[in-house]
$ cat start.cif   # mmCIF, C-alpha atoms
data_work
loop_
_atom_site.label_atom_id
_atom_site.label_comp_id
_atom_site.auth_asym_id
_atom_site.auth_seq_id
_atom_site.Cartn_x
_atom_site.Cartn_y
_atom_site.Cartn_z
CA ASP O 1 -24.65 -7.46 -13.56
CA TYR O 2 -23.85 -4.54 -11.23
CA LYS O 3 -22.44 -4.53 -7.69
CA VAL O 4 -21.37 -1.54 -5.60
CA GLY O 5 -17.57 -1.42 -5.43
CA LYS O 6 -17.09 -3.86 -8.30
CA GLY O 7 -18.92 -1.97 -11.03
CA PHE O 8 -20.61 -3.42 -14.11
CA THR O 9 -19.75 -7.04 -14.91
CA PHE O 10 -20.04 -8.62 -18.36
CA SER O 11 -19.77 -12.41 -18.74
CA SER O 12 -19.71 -14.70 -21.76
CA PRO O 13 -22.41 -17.43 -21.88
CA ASP O 14 -19.82 -20.17 -21.25
CA GLU O 15 -18.34 -18.09 -18.35
CA LYS O 16 -14.83 -18.42 -19.78
CA PHE O 17 -14.54 -14.65 -20.11
CA GLN O 18 -15.55 -11.97 -17.64
CA LEU O 19 -14.92 -8.22 -17.42
CA SER O 20 -15.84 -5.85 -14.58
CA LEU O 21 -15.69 -2.11 -15.25
CA GLY O 22 -16.00 0.60 -12.62
CA ALA O 23 -14.78 3.97 -11.39
CA ARG O 24 -14.18 5.91 -8.18
CA LEU O 25 -14.07 9.67 -7.58
CA GLN O 26 -12.80 11.53 -4.52
CA SER O 27 -12.93 15.33 -4.58
CA ARG O 28 -11.82 17.46 -1.66
CA TYR O 29 -11.62 20.96 -0.25
CA THR O 30 -8.82 21.71 2.24
CA PHE O 31 -8.08 24.89 4.18
CA THR O 32 -4.68 25.06 5.89
CA ASP O 33 -4.29 27.65 8.65
CA ASN O 34 -0.53 28.21 8.84
CA GLU O 35 0.83 29.75 12.05
CA THR O 36 3.52 31.48 9.97
CA GLY O 37 3.29 32.36 6.30
CA GLN O 38 0.42 32.23 3.85
CA ASP O 39 -2.75 30.24 4.54
CA ALA O 40 -3.80 27.82 1.78
CA SER O 41 -7.23 27.18 0.25
CA GLU O 42 -7.18 24.14 -2.03
CA TRP O 43 -9.80 22.52 -4.27
CA ARG O 44 -8.61 19.17 -5.57
CA ILE O 45 -9.60 15.98 -7.36
CA ARG O 46 -7.76 13.62 -5.03
CA ARG O 47 -8.58 10.46 -7.01
CA MET O 48 -10.36 9.72 -10.27
CA LYS O 49 -9.83 6.05 -11.00
CA LEU O 50 -11.09 3.83 -13.78
CA PHE O 51 -10.59 0.13 -13.22
CA MET O 52 -11.32 -3.06 -15.09
CA GLY O 53 -10.58 -6.68 -14.33
CA GLY O 54 -11.80 -10.22 -14.69
CA HIS O 55 -10.70 -13.52 -16.18
CA ALA O 56 -9.98 -14.84 -19.68
CA TYR O 57 -10.14 -18.35 -21.17
CA THR O 58 -10.24 -19.83 -17.65
CA LYS O 59 -11.12 -18.56 -14.19
CA ASP O 60 -7.53 -19.32 -13.20
CA LEU O 61 -6.18 -16.54 -15.46
CA THR O 62 -7.21 -13.17 -14.03
CA TYR O 63 -6.18 -9.62 -14.90
CA LYS O 64 -6.54 -6.03 -13.74
CA LEU O 65 -6.00 -2.61 -15.28
CA GLN O 66 -6.41 0.62 -13.27
CA VAL O 67 -5.62 4.22 -14.19
CA ASN O 68 -5.81 7.39 -12.10
CA PHE O 69 -6.66 10.50 -14.12
CA ALA O 70 -6.00 12.76 -11.10
CA ASP O 71 -2.23 12.16 -11.32
CA SER O 72 -0.85 12.41 -14.85
CA SER O 73 2.67 11.49 -13.72
CA LYS O 74 1.37 8.17 -12.38
CA LEU O 75 -1.52 7.60 -14.77
CA LEU O 76 -1.03 3.83 -15.01
CA GLU O 77 -1.46 2.24 -11.60
CA ASP O 78 -2.25 -1.49 -11.84
CA ALA O 79 -1.55 -3.65 -14.90
CA TRP O 80 -1.10 -7.35 -14.20
CA LEU O 81 -1.90 -10.94 -15.11
CA ASN O 82 -2.30 -13.60 -12.43
CA TYR O 83 -2.32 -17.37 -12.99
CA ARG O 84 -3.61 -19.68 -10.26
CA VAL O 85 -2.04 -23.13 -10.26
CA MET O 86 -3.94 -23.73 -7.01
CA ASN O 87 -5.07 -21.45 -4.19
CA GLU O 88 -1.78 -22.13 -2.42
CA ALA O 89 0.41 -21.25 -5.43
CA GLN O 90 -0.25 -18.35 -7.79
CA LEU O 91 2.00 -16.24 -10.06
CA LEU O 92 1.39 -12.55 -10.72
CA LEU O 93 3.31 -10.62 -13.40
CA GLY O 94 3.04 -6.88 -13.99
CA GLN O 95 2.66 -3.66 -12.01
CA GLU O 96 0.86 -3.54 -8.68
CA LYS O 97 1.37 -2.40 -5.09
CA VAL O 98 4.46 -3.81 -3.43
CA GLN O 99 3.09 -6.09 -0.70
CA PHE O 100 4.32 -4.09 2.27
CA ALA O 101 2.20 -2.33 4.93
CA ARG O 102 -1.38 -3.49 5.49
CA GLN O 103 -2.86 -0.01 5.10
CA GLU O 104 -1.02 0.61 1.83
CA ILE O 105 -2.25 -2.72 0.41
CA THR O 106 -5.82 -1.79 1.37
CA SER O 107 -7.57 0.09 -1.44
CA SER O 108 -8.30 3.78 -0.89
CA GLY O 109 -11.96 2.82 -1.44
CA ALA O 110 -11.88 0.57 1.65
CA GLN O 111 -10.32 2.97 4.18
CA GLN O 112 -11.78 4.70 7.22
CA PHE O 113 -10.17 8.10 6.61
CA VAL O 114 -9.69 10.31 3.55
CA ASP O 115 -6.01 9.31 3.36
CA ARG O 116 -3.56 6.89 4.89
CA ALA O 117 -1.67 7.55 8.12
CA ASN O 118 1.48 9.65 7.97
CA ALA O 119 3.50 6.65 9.18
CA THR O 120 2.26 4.54 6.26
CA ASP O 121 3.01 7.27 3.71
CA THR O 122 6.50 7.71 5.19
CA PHE O 123 7.48 4.03 4.89
CA LYS O 124 5.42 2.58 2.01
CA MET O 125 6.94 1.72 -1.36
CA GLY O 126 3.93 2.31 -3.59
CA ARG O 127 3.66 0.40 -6.86
CA ASP O 128 6.35 -1.36 -8.85
CA THR O 129 6.67 -3.86 -11.70
CA GLY O 130 7.82 -7.41 -11.11
CA LEU O 131 6.94 -11.04 -10.48
CA MET O 132 5.21 -12.30 -7.34
CA LEU O 133 4.55 -15.79 -5.98
CA HIS O 134 1.62 -15.79 -3.55
CA GLY O 135 -1.09 -17.98 -2.12
CA LYS O 136 -3.65 -18.78 0.54
CA ILE O 137 -3.11 -21.83 2.72
CA ALA O 138 -5.92 -23.59 4.61
CA GLU O 139 -8.59 -21.29 3.12
CA GLY O 140 -6.79 -18.13 4.18
CA LEU O 141 -5.59 -19.05 7.65
CA LEU O 142 -2.09 -18.32 6.31
CA ASN O 143 -1.33 -16.02 3.37
CA TYR O 144 2.08 -15.32 1.86
CA ASN O 145 3.62 -13.04 -0.81
CA LEU O 146 7.15 -13.20 -2.26
CA GLY O 147 7.98 -10.61 -4.91
CA VAL O 148 10.93 -9.44 -7.01
CA TYR O 149 10.55 -5.92 -8.46
CA GLY O 150 12.43 -3.44 -10.61
CA GLY O 151 13.19 -1.37 -7.54
CA LEU O 152 12.48 2.16 -8.83
CA GLY O 153 8.73 2.26 -8.36
CA GLN O 154 5.64 3.01 -10.40
CA ASN O 155 6.08 3.43 -14.17
CA THR O 156 9.88 3.67 -13.74
CA PRO O 157 11.83 0.80 -15.32
CA ARG O 158 15.41 0.12 -14.22
CA SER O 159 17.56 -0.16 -17.34
CA THR O 160 21.02 1.09 -16.31
CA ALA O 161 21.82 -1.13 -13.31
CA ASN O 162 21.40 -4.76 -12.22
CA ASN O 163 19.88 -4.02 -8.81
CA ASN O 164 16.39 -5.24 -8.00
CA ALA O 165 14.07 -5.03 -5.00
CA PHE O 166 12.70 -7.92 -2.95
CA ALA O 167 9.56 -7.94 -0.80
CA ALA O 168 8.05 -10.60 1.44
CA ARG O 169 4.84 -10.61 3.47
CA VAL O 170 3.05 -13.21 5.56
CA THR O 171 -0.27 -12.93 7.41
CA VAL O 172 -1.90 -15.28 9.89
CA ASN O 173 -5.71 -15.23 10.27
CA PRO O 174 -6.44 -17.67 13.12
CA LEU O 175 -10.24 -17.15 13.06
CA GLY O 176 -10.65 -17.20 9.27
CA ASP O 177 -9.55 -15.20 6.24
CA MET O 178 -9.79 -11.44 6.84
CA PRO O 179 -10.02 -9.15 3.78
CA TYR O 180 -8.04 -5.93 3.38
CA SER O 181 -10.66 -3.39 4.43
CA GLU O 182 -10.58 -1.19 7.53
CA ALA O 183 -14.08 -0.49 8.86
CA ASP O 184 -16.32 -3.40 9.85
CA LEU O 185 -18.95 -2.46 7.30
CA ASP O 186 -20.25 -6.05 7.20
CA GLN O 187 -20.96 -6.16 10.96
CA SER O 188 -18.91 -9.36 11.38
CA GLU O 189 -20.89 -11.86 13.42
CA LYS O 190 -17.74 -13.63 14.59
CA PRO O 191 -14.44 -12.01 15.62
CA LEU O 192 -11.78 -11.69 12.93
CA VAL O 193 -8.08 -11.28 13.68
CA SER O 194 -5.15 -10.80 11.32
CA ILE O 195 -1.46 -10.60 12.24
CA GLY O 196 1.11 -9.75 9.58
CA ALA O 197 4.82 -9.13 9.03
CA ASN O 198 6.66 -7.79 5.99
CA TYR O 199 10.17 -7.04 4.74
CA PHE O 200 11.51 -4.96 1.83
CA MET O 201 15.05 -4.70 0.45
CA ASP O 202 16.36 -2.40 -2.28
CA THR O 203 19.46 -0.50 -3.45
CA LEU O 204 19.36 3.07 -4.76
CA LYS O 205 22.20 5.21 -6.09
CA LYS O 206 22.78 8.87 -5.39
CA THR O 207 23.44 10.93 -8.50
CA ASN O 208 24.79 13.95 -6.62
CA ALA O 209 24.99 15.32 -3.08
CA THR O 210 21.25 15.94 -2.75
CA THR O 211 19.54 13.67 -5.30
CA LEU O 212 18.77 9.96 -5.59
CA GLU O 213 18.47 8.27 -8.98
CA THR O 214 15.10 8.85 -10.67
CA ASN O 215 12.45 6.82 -8.88
CA ASN O 216 8.78 6.72 -7.90
CA LEU O 217 9.20 5.12 -4.47
CA SER O 218 7.17 6.85 -1.77
CA PHE O 219 9.71 6.30 1.03
CA ALA O 220 12.45 7.83 -1.15
CA GLY O 221 10.42 10.94 -2.02
CA THR O 222 10.50 14.31 -0.29
CA SER O 223 8.05 13.12 2.41
CA GLY O 224 9.60 9.67 2.87
CA TRP O 225 12.09 8.69 5.56
CA LEU O 226 14.88 8.00 3.05
CA GLY O 227 14.12 11.07 0.97
CA LYS O 228 14.37 13.35 4.00
CA GLY O 229 17.68 11.81 5.10
CA ARG O 230 19.39 11.37 1.71
CA SER O 231 22.09 13.95 2.63
CA THR O 232 23.40 11.38 5.13
CA PHE O 233 25.21 9.58 2.31
CA GLY O 234 28.02 10.40 -0.12
CA ALA O 235 27.43 12.23 -3.38
CA THR O 236 27.52 9.24 -5.76
CA GLU O 237 27.46 6.12 -3.62
CA LYS O 238 24.93 3.28 -3.62
CA VAL O 239 22.63 2.98 -0.60
CA ASP O 240 21.35 -0.37 0.69
CA ILE O 241 17.84 -0.20 2.17
CA ASP O 242 16.11 -2.60 4.56
CA THR O 243 12.57 -1.96 5.82
CA PHE O 244 10.56 -4.04 8.30
CA GLY O 245 6.96 -3.88 9.46
CA ILE O 246 4.49 -5.73 11.67
CA ASP O 247 0.72 -5.21 11.85
CA ALA O 248 -2.44 -6.44 13.53
CA ALA O 249 -6.13 -5.94 12.78
CA PHE O 250 -9.39 -6.90 14.52
CA LYS O 251 -13.10 -6.74 13.62
CA TRP O 252 -16.30 -7.74 15.35
CA MET O 253 -19.90 -6.48 15.41
CA GLY O 254 -19.15 -3.07 13.88
CA PHE O 255 -15.97 -2.46 15.90
CA SER O 256 -12.59 -2.42 14.17
CA ALA O 257 -9.03 -1.69 15.24
CA GLN O 258 -5.65 -1.96 13.58
CA GLY O 259 -2.09 -0.77 13.94
CA GLU O 260 1.32 -1.07 12.32
CA TYR O 261 4.94 -0.53 13.38
CA PHE O 262 7.68 0.25 10.84
CA MET O 263 11.49 0.30 10.97
CA GLY O 264 13.80 1.44 8.18
CA GLN O 265 17.57 1.36 7.87
CA ALA O 266 19.78 2.55 5.01
CA GLU O 267 23.57 2.23 4.76
CA GLY O 268 25.98 3.75 2.25
CA GLN O 269 28.15 1.15 0.51
CA ASP O 270 31.22 3.43 0.47
CA SER O 271 30.80 5.72 3.50
CA ALA O 272 29.11 3.13 5.77
CA ASN O 273 26.94 6.02 7.01
CA LYS O 274 23.61 4.83 8.41
CA LEU O 275 20.14 6.32 8.49
CA ARG O 276 17.60 4.78 10.88
CA ALA O 277 13.88 5.57 11.04
CA ARG O 278 10.80 4.25 12.81
CA GLY O 279 7.10 4.96 13.00
CA PHE O 280 3.72 3.56 13.88
CA TYR O 281 0.01 4.27 13.80
CA THR O 282 -3.02 2.90 15.60
CA GLN O 283 -6.68 3.46 14.81
CA ALA O 284 -10.12 2.22 15.82
CA GLY O 285 -13.70 2.74 14.75
CA TYR O 286 -17.23 1.75 15.72
CA PHE O 287 -20.53 1.95 13.82
CA ILE O 288 -23.00 3.72 16.09
CA ILE O 289 -25.57 3.22 13.30
CA PRO O 290 -24.70 -0.11 11.64
CA LYS O 291 -23.43 0.28 8.05
CA HIS O 292 -24.34 4.00 8.00
CA LEU O 293 -22.53 6.11 10.64
CA GLU O 294 -19.13 5.35 12.14
CA LEU O 295 -16.94 7.16 14.66
CA ALA O 296 -13.20 6.58 14.27
CA ALA O 297 -9.90 7.92 15.59
CA ARG O 298 -6.25 7.54 14.61
CA TYR O 299 -2.86 8.39 16.09
CA SER O 300 0.35 8.30 14.05
CA TYR O 301 4.00 8.83 15.05
CA VAL O 302 7.11 9.10 12.86
CA ASP O 303 10.79 9.52 13.73
CA PRO O 304 12.40 9.92 10.27
CA ASN O 305 15.95 10.01 11.67
CA ARG O 306 16.56 8.41 15.06
CA ASP O 307 19.94 10.14 15.36
CA THR O 308 18.51 13.65 14.91
CA SER O 309 16.51 15.53 17.54
CA GLN O 310 13.51 17.85 17.03
CA ASP O 311 12.24 15.99 13.95
CA LEU O 312 9.38 13.91 15.38
CA GLN O 313 5.99 14.00 13.66
CA SER O 314 2.77 13.01 15.42
#

$ encode --input "start.cif" --output "structure tokens"
Amino acid sequence: DYKVGKGFTFSSPDEKFQLSLGARLQSRYTFTDNETGQDASEWRIRRMKLFMGGHAYTKDLTYKLQVNFADSSKLLEDAWLNYRVMNEAQLLLGQEKVQFARQEITSSGAQQFVDRANATDTFKMGRDTGLMLHGKIAEGLLNYNLGVYGGLGQNTPRSTANNNAFAARVTVNPLGDMPYSEADLDQSEKPLVSIGANYFMDTLKKTNATTLETNNLSFAGTSGWLGKGRSTFGATEKVDIDTFGIDAAFKWMGFSAQGEYFMGQAEGQDSANKLRARGFYTQAGYFIIPKHLELAARYSYVDPNRDTSQDLQS
């Protein structure tokens, strides 16, 4: 069988085994007109993903493997097994996206724009390896995720410390289960609303005055709120991180809208120095030709350090 977005699907006659195989390519040209300094002309393969998934022995045991050939440093993206005891209680073991930020959880193949909002990229965790308990209650009216992760991000095991990360997310869908996709490509005949909240906690150690321990966490990278403010803390102290987020999404008859608000706080265990950040985005779109042509707009705002002036990004 073949279905757009899912790829080719192979099933055993008894339906105990199933494998779907597909791929996604995003190539891009970007010209940056810098007011000062050299302009930039860039040709790039933004994403080249091969994915496979399905179930084995029973439909309750599902799996996924996804690699991204466009980023050799993060070649392995998803690699997990999920066992469903019931819809309300499922266990997932392996590497996947930390369940924080609606737009980050949404696949790049189901977004309205070529990339995520700056606010999302500033606060998201990315992928990590761990164990997650999750489920759908009342056919998706309430969804929850509780996860414990290594705490250093994608393809980066933590083997020299006993710290771990914790993430929790809950969504309420009062008018029925709402999938993680942005545009209303399906022309929803009834309104759909989703309201979510999430929390993430982690501890990272500084190895010197300007560097955090090796990690693949987006918010701790050079463009993340913690990465930009890492000089706030002492040269070799541990930093406790708490991040919060709320989100809302709506779809109906080709119209869609969603937004998220993020808050991050980090505190040095020895110095007690604090770094506080916040950000949000809002976006909306409408199909002027159903399923074929959409107009959309987005606004994003980030304050990576609330105690520093002249650093706002919008």

$ closest_residue --input "start.cif" --among "O:Ala277, O:Ile105, O:Ala297, O:Met125" --to "O:Leu312" --atoms "only C-alpha atoms"
O:Ala277

$ resolve_selection --input "start.cif" --expression "the PyMOL selection byres ((chain O and resi 99) around 8)" --output "MDAnalysis selection string"
chainID O and resid 97:98 100:101 105 145 147 167:169 198

$ closest_residue --input "start.cif" --among "O:Asn82, O:Ser108, O:Ser72, O:Ser314" --to "O:Leu25" --atoms "all atoms listed in the file"
O:Ser108

$ residues_near_point --input "start.cif" --point "(-17.6, -4.5, -6.9)" --cutoff "12 Å" --atoms "all atoms listed in the file" --output "list in words"
Asp1, Tyr2, Lys3, Val4, Gly5, Lys6, Gly7, Phe8, Thr9, Leu19, Ser20, Leu21, Gly22, Ala23, Arg24, Phe51, Met52, Gly53, Gly54, Gly109 and Ala110 of chain O

$ residues_near_point --input "start.cif" --point "(12.2, 11.8, -1.5)" --cutoff "12 Å" --atoms "all atoms listed in the file" --output "ChimeraX atom specification"
/O:121-125,204,206,210-231,304

$ atom_distance --input "start.cif" --atom1 "atom CA of O:Thr58" --atom2 "atom CA of O:Leu93"
16.9 Å

$ resolve_selection --input "start.cif" --expression "the PyMOL selection byres ((chain O and resi 173) around 8)" --output "PDB file with C-alpha atoms, keeping the file's coordinate frame"
ATOM      1  CA  GLY O 140      -6.790 -18.130   4.180  1.00  0.00           C
ATOM      2  CA  LEU O 141      -5.590 -19.050   7.650  1.00  0.00           C
ATOM      3  CA  LEU O 142      -2.090 -18.320   6.310  1.00  0.00           C
ATOM      4  CA  THR O 171      -0.270 -12.930   7.410  1.00  0.00           C
ATOM      5  CA  VAL O 172      -1.900 -15.280   9.890  1.00  0.00           C
ATOM      6  CA  PRO O 174      -6.440 -17.670  13.120  1.00  0.00           C
ATOM      7  CA  LEU O 175     -10.240 -17.150  13.060  1.00  0.00           C
ATOM      8  CA  GLY O 176     -10.650 -17.200   9.270  1.00  0.00           C
ATOM      9  CA  ASP O 177      -9.550 -15.200   6.240  1.00  0.00           C
ATOM     10  CA  MET O 178      -9.790 -11.440   6.840  1.00  0.00           C
ATOM     11  CA  LEU O 192     -11.780 -11.690  12.930  1.00  0.00           C
ATOM     12  CA  VAL O 193      -8.080 -11.280  13.680  1.00  0.00           C
ATOM     13  CA  SER O 194      -5.150 -10.800  11.320  1.00  0.00           C
ATOM     14  CA  ILE O 195      -1.460 -10.600  12.240  1.00  0.00           C
TER      15      ILE O 195
END

$ atom_distance --input "start.cif" --atom1 "atom CA of O:Leu50" --atom2 "atom CA of O:Ser181"
19.6 Å

$ resolve_selection --input "start.cif" --expression "the PyMOL selection byres ((chain O and resi 131) around 7)" --output "ChimeraX atom specification"
/O:92-94,130,132-133,147-149

$ write_last_selection --input "start.cif" --atoms "C-alpha atoms" --output "compact mmCIF listing (two decimals), in the coordinates of the input"
# COMPACT_ATOMS: atom_id res chain seq x y z
CA LEU O 92 1.39 -12.55 -10.72
CA LEU O 93 3.31 -10.62 -13.40
CA GLY O 94 3.04 -6.88 -13.99
CA GLY O 130 7.82 -7.41 -11.11
CA MET O 132 5.21 -12.30 -7.34
CA LEU O 133 4.55 -15.79 -5.98
CA GLY O 147 7.98 -10.61 -4.91
CA VAL O 148 10.93 -9.44 -7.01
CA TYR O 149 10.55 -5.92 -8.46

$ axis_aligned_box --input "start.cif" --around "stretch 80-83 of chain O" --padding-each-side "4 Å" --output "lines of an AutoDock Vina configuration file"
center_x = -1.7
center_y = -12.4
center_z = -13.8
size_x = 9.2
size_y = 18.0
size_z = 10.7

$ atom_distance --input "start.cif" --atom1 "atom CA of O:Phe250" --atom2 "atom CA of O:Ile137"
20.0 Å

$ residues_around --input "start.cif" --residues "O:Thr203" --least-positions-apart "6" --cutoff "12 Å" --atoms "all atoms listed in the file" --output "list in words"
Tyr149, Gly150, Gly151, Leu152, Arg158, Ala161, Asn162, Asn163, Asn164, Ala165, Phe166, Leu212, Glu213, Asn215, Leu217, Ala220, Leu226, Glu237, Lys238, Val239, Asp240, Ile241, Asp242, Thr243, Gln265, Ala266, Glu267, Gly268 and Gln269 of chain O

$ write_last_selection --input "start.cif" --atoms "C-alpha atoms" --output "PDB file, keeping the file's coordinate frame"
ATOM      1  CA  TYR O 149      10.550  -5.920  -8.460  1.00  0.00           C
ATOM      2  CA  GLY O 150      12.430  -3.440 -10.610  1.00  0.00           C
ATOM      3  CA  GLY O 151      13.190  -1.370  -7.540  1.00  0.00           C
ATOM      4  CA  LEU O 152      12.480   2.160  -8.830  1.00  0.00           C
ATOM      5  CA  ARG O 158      15.410   0.120 -14.220  1.00  0.00           C
ATOM      6  CA  ALA O 161      21.820  -1.130 -13.310  1.00  0.00           C
ATOM      7  CA  ASN O 162      21.400  -4.760 -12.220  1.00  0.00           C
ATOM      8  CA  ASN O 163      19.880  -4.020  -8.810  1.00  0.00           C
ATOM      9  CA  ASN O 164      16.390  -5.240  -8.000  1.00  0.00           C
ATOM     10  CA  ALA O 165      14.070  -5.030  -5.000  1.00  0.00           C
ATOM     11  CA  PHE O 166      12.700  -7.920  -2.950  1.00  0.00           C
ATOM     12  CA  LEU O 212      18.770   9.960  -5.590  1.00  0.00           C
ATOM     13  CA  GLU O 213      18.470   8.270  -8.980  1.00  0.00           C
ATOM     14  CA  ASN O 215      12.450   6.820  -8.880  1.00  0.00           C
ATOM     15  CA  LEU O 217       9.200   5.120  -4.470  1.00  0.00           C
ATOM     16  CA  ALA O 220      12.450   7.830  -1.150  1.00  0.00           C
ATOM     17  CA  LEU O 226      14.880   8.000   3.050  1.00  0.00           C
ATOM     18  CA  GLU O 237      27.460   6.120  -3.620  1.00  0.00           C
ATOM     19  CA  LYS O 238      24.930   3.280  -3.620  1.00  0.00           C
ATOM     20  CA  VAL O 239      22.630   2.980  -0.600  1.00  0.00           C
ATOM     21  CA  ASP O 240      21.350  -0.370   0.690  1.00  0.00           C
ATOM     22  CA  ILE O 241      17.840  -0.200   2.170  1.00  0.00           C
ATOM     23  CA  ASP O 242      16.110  -2.600   4.560  1.00  0.00           C
ATOM     24  CA  THR O 243      12.570  -1.960   5.820  1.00  0.00           C
ATOM     25  CA  GLN O 265      17.570   1.360   7.870  1.00  0.00           C
ATOM     26  CA  ALA O 266      19.780   2.550   5.010  1.00  0.00           C
ATOM     27  CA  GLU O 267      23.570   2.230   4.760  1.00  0.00           C
ATOM     28  CA  GLY O 268      25.980   3.750   2.250  1.00  0.00           C
ATOM     29  CA  GLN O 269      28.150   1.150   0.510  1.00  0.00           C
TER      30      GLN O 269
END

$ closest_residue --input "start.cif" --among "O:Gln95, O:Gln154, O:Gln258, O:Gln38" --to "O:Leu81" --atoms "all atoms listed in the file"
O:Gln95

$ closest_residue --input "start.cif" --among "O:Ala89, O:Ala272, O:Ile288, O:Ala117" --to "O:Leu146" --atoms "all atoms listed in the file"
O:Ala89

$ residues_around --input "start.cif" --residues "O:Val302" --least-positions-apart "4" --cutoff "6 Å" --atoms "all atoms listed in the file" --output "PDB file with C-alpha atoms, in the frame of the given file"
ATOM      1  CA  ALA O 119       3.500   6.650   9.180  1.00  0.00           C
ATOM      2  CA  GLY O 279       7.100   4.960  13.000  1.00  0.00           C
ATOM      3  CA  LEU O 312       9.380  13.910  15.380  1.00  0.00           C
ATOM      4  CA  GLN O 313       5.990  14.000  13.660  1.00  0.00           C
TER       5      GLN O 313
END

$ decode --input "start.cif" --residues "stretch 204-215 of chain O" --atoms "N, CA, C and O atoms" --output "compact mmCIF listing (two decimals), in the first residue's frame"
# COMPACT_ATOMS: atom_id res chain seq x y z
N LEU O 204 22.68 21.07 34.21
CA LEU O 204 23.88 21.02 33.37
C LEU O 204 25.06 21.61 34.14
O LEU O 204 24.89 22.51 34.96
N LYS O 205 26.25 21.12 33.85
CA LYS O 205 27.45 21.60 34.52
C LYS O 205 28.30 22.41 33.55
O LYS O 205 28.45 22.05 32.39
N LYS O 206 28.86 23.51 34.05
CA LYS O 206 29.81 24.27 33.26
C LYS O 206 31.20 23.64 33.41
O LYS O 206 31.60 23.25 34.51
N THR O 207 31.91 23.53 32.31
CA THR O 207 33.25 22.95 32.34
C THR O 207 34.34 24.01 32.44
O THR O 207 35.45 23.73 32.85
N ASN O 208 33.99 25.24 32.03
CA ASN O 208 34.89 26.38 32.23
C ASN O 208 34.04 27.65 32.16
O ASN O 208 32.81 27.58 32.15
N ALA O 209 34.68 28.80 32.10
CA ALA O 209 33.96 30.06 32.20
C ALA O 209 32.95 30.28 31.07
O ALA O 209 31.96 30.98 31.24
N THR O 210 33.20 29.68 29.92
CA THR O 210 32.35 29.98 28.76
C THR O 210 31.67 28.75 28.16
O THR O 210 30.95 28.88 27.18
N THR O 211 31.87 27.56 28.74
CA THR O 211 31.39 26.34 28.09
C THR O 211 30.58 25.46 29.05
O THR O 211 30.99 25.25 30.20
N LEU O 212 29.46 24.95 28.54
CA LEU O 212 28.68 23.95 29.27
C LEU O 212 29.18 22.56 28.89
O LEU O 212 29.85 22.39 27.87
N GLU O 213 28.88 21.58 29.72
CA GLU O 213 29.27 20.20 29.39
C GLU O 213 28.68 19.82 28.03
O GLU O 213 27.65 20.34 27.59
N THR O 214 29.34 18.90 27.32
CA THR O 214 28.93 18.51 25.98
C THR O 214 27.48 18.08 25.97
O THR O 214 27.05 17.21 26.75
N ASN O 215 26.69 18.71 25.08
CA ASN O 215 25.28 18.39 25.01
C ASN O 215 24.75 18.70 23.62
O ASN O 215 25.40 19.37 22.83
